[in-house]
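Presented below is the structure to which this report refers.
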Amino acid sequence: QVQLVESGGGLVQAGGSMRLSCAASGRTFSNYATGWFRQAPGKEREFVAATSWSGILTYYGDSVKGRFTISRDNAKNTVYLQMSSLKPEDTAVYYCPAADPPYSSAIDYSQSGQYHYWGQGTQVTVSS
């Protein structure tokens, strides 16, 4: 079992930056692929980014490519999402899930069903 707690959300102006953190506890976190998803009111959950257990491989949703960066520090059991050039349409609750090992390049980590553990989410609001 892995417990995940997101933090770092809040209110930011359009064009600004923000960094989200996801702290993990429980099993050996470095074994788990992790990601970020978001969900805006009235919309489906959307893939934002994912990273392999090592952090070497990263994947991004089309809407955030070039603006967001996912990274992880396994020594701190933490995954980060650095967000820049924020837009009002980035407003959502951001979730940090983890997928049971082993990592496989054959798995589509952009699909929420591939993840087994989810945090409670953190609200990000971008004002225009």
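Naming scheme: A, B, ... for chains in displayed order of the structure tokens; residues 1 onward per chain; ligands 1 onward as shown.
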
Give me, as a tab-separated table, the closest atom pair and its distance (Å, one decimal) for every residue of range 7-109 of chain A within a cut-off of 7 Å of range 113-122 of chain A, counting only C-alpha atoms, rows sorted by chain and rising number.
```
residue	atom	partner	partner_atom	distance
A:Ser7	CA	A:Thr122	CA	5.9
A:Gly9	CA	A:Thr122	CA	5.4
A:Val93	CA	A:Thr122	CA	5.4
A:Tyr94	CA	A:Gly121	CA	5.2
A:Tyr95	CA	A:Gly121	CA	4.4
A:Cys96	CA	A:Gly119	CA	5.7
A:Pro97	CA	A:Trp118	CA	4.3
A:Ala98	CA	A:Tyr117	CA	5.2
A:Ala99	CA	A:Tyr115	CA	4.2
A:Asp100	CA	A:His116	CA	6.4
A:Tyr109	CA	A:Gln114	CA	6.2
```

Saved selection, atoms kept: N, CA and C atoms, as an mmCIF file, in the first residue's frame:
```cif
data_model
loop_
_atom_site.group_PDB
_atom_site.id
_atom_site.type_symbol
_atom_site.label_atom_id
_atom_site.label_comp_id
_atom_site.auth_asym_id
_atom_site.auth_seq_id
_atom_site.Cartn_x
_atom_site.Cartn_y
_atom_site.Cartn_z
ATOM 1 N N SER A 7 0.388 18.541 -2.400
ATOM 2 C CA SER A 7 0.414 19.872 -1.787
ATOM 3 C C SER A 7 0.977 20.862 -2.790
ATOM 4 N N GLY A 9 -0.801 23.495 -4.138
ATOM 5 C CA GLY A 9 -1.801 24.178 -4.941
ATOM 6 C C GLY A 9 -2.169 25.533 -4.351
ATOM 7 N N VAL A 93 -8.459 20.358 -10.008
ATOM 8 C CA VAL A 93 -7.877 19.626 -8.893
ATOM 9 C C VAL A 93 -6.835 18.686 -9.493
ATOM 10 N N TYR A 94 -5.636 18.730 -8.944
ATOM 11 C CA TYR A 94 -4.529 17.926 -9.454
ATOM 12 C C TYR A 94 -4.303 16.742 -8.519
ATOM 13 N N TYR A 95 -4.207 15.563 -9.129
ATOM 14 C CA TYR A 95 -4.027 14.325 -8.393
ATOM 15 C C TYR A 95 -2.709 13.653 -8.773
ATOM 16 N N CYS A 96 -2.137 12.981 -7.795
ATOM 17 C CA CYS A 96 -0.873 12.277 -7.995
ATOM 18 C C CYS A 96 -1.095 10.793 -7.737
ATOM 19 N N PRO A 97 -1.166 9.953 -8.763
ATOM 20 C CA PRO A 97 -1.332 8.527 -8.572
ATOM 21 C C PRO A 97 -0.019 7.763 -8.725
ATOM 22 N N ALA A 98 -0.033 6.542 -8.216
ATOM 23 C CA ALA A 98 1.113 5.653 -8.360
ATOM 24 C C ALA A 98 0.625 4.297 -8.875
ATOM 25 N N ALA A 99 1.459 3.672 -9.684
ATOM 26 C CA ALA A 99 1.124 2.377 -10.276
ATOM 27 C C ALA A 99 1.998 1.295 -9.688
ATOM 28 N N ASP A 100 1.370 0.163 -9.373
ATOM 29 C CA ASP A 100 2.127 -0.970 -8.832
ATOM 30 C C ASP A 100 3.246 -1.377 -9.782
ATOM 31 N N TYR A 109 0.705 4.788 -19.441
ATOM 32 C CA TYR A 109 0.558 5.490 -18.179
ATOM 33 C C TYR A 109 -0.251 6.778 -18.305
#
```

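Contact shell of Ala75 in chain A at 12 Å (only C-alpha atoms; same-chain neighbours under 6 positions omitted): Ala23, Ala24, Ser25, Thr28, Phe29, Ser30, Asn31 and Ser54 of chain A.
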
File of the preceding selection, C-alpha atoms, as a PDB file, in the first residue's frame:
```pdb
ATOM      1  CA  ALA A  23       4.713  12.965  -0.822  1.00  0.00           C
ATOM      2  CA  ALA A  24       4.543   9.183  -0.654  1.00  0.00           C
ATOM      3  CA  SER A  25       4.680   6.827   2.284  1.00  0.00           C
ATOM      4  CA  THR A  28       9.368   1.438  -1.423  1.00  0.00           C
ATOM      5  CA  PHE A  29       8.296   4.407  -3.458  1.00  0.00           C
ATOM      6  CA  SER A  30      11.136   4.143  -5.940  1.00  0.00           C
ATOM      7  CA  ASN A  31       9.531   0.985  -7.368  1.00  0.00           C
ATOM      8  CA  SER A  54      13.699   6.089 -12.080  1.00  0.00           C
TER       9      SER A  54
END
```

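Among the candidate residues A:Trp53, A:Phe47, A:Asn74, A:Val124, the one lying nearest to Glu89 in chain A is A:Val124, with distances computed using only C-alpha atoms.
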
Inset, instruction - Would you kindly return, as a ChimeraX atom specification, each protein, DNA or RNA residue with an atom no farther than 9 Å from any atom of Ala92 in chain A, considering only C-alpha atoms and excluding same-chain residues fewer than 6 positions away? - result: /A:38-41,122-126

Legend entry - Atomic distance CA of Arg19 in chain A - CA of Trp36 in chain A, expressed in Å with one decimal: 12.2 Å

Legend entry - Neighbour list for Arg67 in chain A as a list in words, cut-off 8 Å, only C-alpha atoms, skip fewer than 2 positions in-chain: Val64, Lys65, Thr69, Met83, Ser84, Ser85 and Leu86 of chain A

Based on the selection just made, write C-alpha atoms of those residues as a PDB file, in the first residue's frame.
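Contents of selection-v3.pdb, as written:
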```pdb
ATOM      1  CA  VAL A  64       0.895  20.815 -21.039  1.00  0.00           C
ATOM      2  CA  LYS A  65       3.869  19.863 -23.184  1.00  0.00           C
ATOM      3  CA  THR A  69       7.808  19.267 -15.995  1.00  0.00           C
ATOM      4  CA  MET A  83       4.077  24.280 -13.906  1.00  0.00           C
ATOM      5  CA  SER A  84       4.894  27.418 -15.853  1.00  0.00           C
ATOM      6  CA  SER A  85       3.097  29.724 -18.279  1.00  0.00           C
ATOM      7  CA  LEU A  86      -0.096  28.814 -16.503  1.00  0.00           C
TER       8      LEU A  86
END
```

Inset, instruction - Compare A:Ser104, A:Ser110, A:Thr91, A:Asn77 by their minimum atom-to-atom distance to Tyr59 in chain A, counting only C-alpha atoms, and give me the closest one. - result: A:Ser110

Inset, instruction - Excluding Ser128 in chain A and residues on its chain fewer than 3 positions from it, collect all residues at most 9 Å away from it, counting only C-alpha atoms, and give them as a VMD selection string. - result: chain A and resid 13 to 15 87 to 88

Using N, CA and C atoms, can you export the residues from the last selection as a PDB file, in the first residue's frame?
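What follows is the written file selection.pdb:
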```
ATOM      1  N   GLN A  13      -1.798  33.860 -10.890  1.00  0.00           N
ATOM      2  CA  GLN A  13      -2.231  34.593 -12.066  1.00  0.00           C
ATOM      3  C   GLN A  13      -1.772  33.899 -13.341  1.00  0.00           C
ATOM      4  N   ALA A  14      -2.520  34.121 -14.393  1.00  0.00           N
ATOM      5  CA  ALA A  14      -2.135  33.575 -15.693  1.00  0.00           C
ATOM      6  C   ALA A  14      -0.733  34.038 -16.061  1.00  0.00           C
ATOM      7  N   GLY A  15       0.038  33.104 -16.606  1.00  0.00           N
ATOM      8  CA  GLY A  15       1.424  33.384 -16.948  1.00  0.00           C
ATOM      9  C   GLY A  15       2.395  33.061 -15.839  1.00  0.00           C
ATOM     10  N   LYS A  87      -2.269  28.874 -17.523  1.00  0.00           N
ATOM     11  CA  LYS A  87      -3.422  29.435 -18.204  1.00  0.00           C
ATOM     12  C   LYS A  87      -4.663  29.190 -17.356  1.00  0.00           C
ATOM     13  N   PRO A  88      -5.693  29.995 -17.538  1.00  0.00           N
ATOM     14  CA  PRO A  88      -6.941  29.743 -16.788  1.00  0.00           C
ATOM     15  C   PRO A  88      -7.478  28.332 -17.002  1.00  0.00           C
TER      16      PRO A  88
END
```

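From CA of Cys22 in chain A back to CA of Val79 in chain A, the distance works out to 5.0 Å.
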
Inset, instruction - Step one, run DSSP on the backbone; step two, keep only residues of range 27-92 of chain A assigned to strand (DSSP E); then write them as an NGL selection string. - result: :A and (33-39 or 46-51 or 58-60 or 68-73 or 78-83 or 92)

With C-alpha atoms retained, could you export that selection as a short mmCIF file (atom, residue, chain, number, x, y, z; two decimals), in the first residue's frame?
```
data_model
loop_
_atom_site.label_atom_id
_atom_site.label_comp_id
_atom_site.auth_asym_id
_atom_site.auth_seq_id
_atom_site.Cartn_x
_atom_site.Cartn_y
_atom_site.Cartn_z
CA ALA A 33 5.69 4.70 -11.72
CA THR A 34 3.86 7.90 -10.85
CA GLY A 35 1.85 10.52 -12.63
CA TRP A 36 -0.23 13.64 -12.41
CA PHE A 37 -3.82 13.95 -13.52
CA ARG A 38 -6.25 16.81 -13.19
CA GLN A 39 -9.98 17.25 -13.15
CA GLU A 46 -7.23 14.42 -17.75
CA PHE A 47 -3.73 13.03 -18.01
CA VAL A 48 -1.04 15.61 -17.28
CA ALA A 49 2.28 13.80 -16.89
CA ALA A 50 3.89 10.54 -15.83
CA THR A 51 7.32 9.29 -14.98
CA THR A 58 8.67 11.09 -18.76
CA TYR A 59 5.41 11.54 -20.62
CA TYR A 60 3.16 14.55 -21.03
CA PHE A 68 4.99 21.46 -17.26
CA THR A 69 7.81 19.27 -15.99
CA ILE A 70 7.45 16.14 -13.88
CA SER A 71 10.32 14.98 -11.72
CA ARG A 72 10.90 12.83 -8.67
CA ASP A 73 13.28 12.53 -5.79
CA THR A 78 8.39 12.85 -3.51
CA VAL A 79 7.17 13.59 -7.01
CA TYR A 80 6.98 17.14 -8.33
CA LEU A 81 5.09 18.93 -11.04
CA GLN A 82 6.64 22.22 -12.06
CA MET A 83 4.08 24.28 -13.91
CA ALA A 92 -8.43 21.98 -11.78
#
```

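Here CA of Pro101 in chain A stands at a distance of 21.2 Å from CA of Ser21 in chain A.
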
Legend entry - Backbone-only DSSP, helix (DSSP H, G or I) members of range 55-116 of chain A, as a PyMOL selection string: chain A and resi 88-90+112-114

Legend entry - Closest of A:Gly8, A:Gly26, A:Gly16, A:Pro102 to Ser52 in chain A - atom-to-atom distances counting only C-alpha atoms: A:Pro102
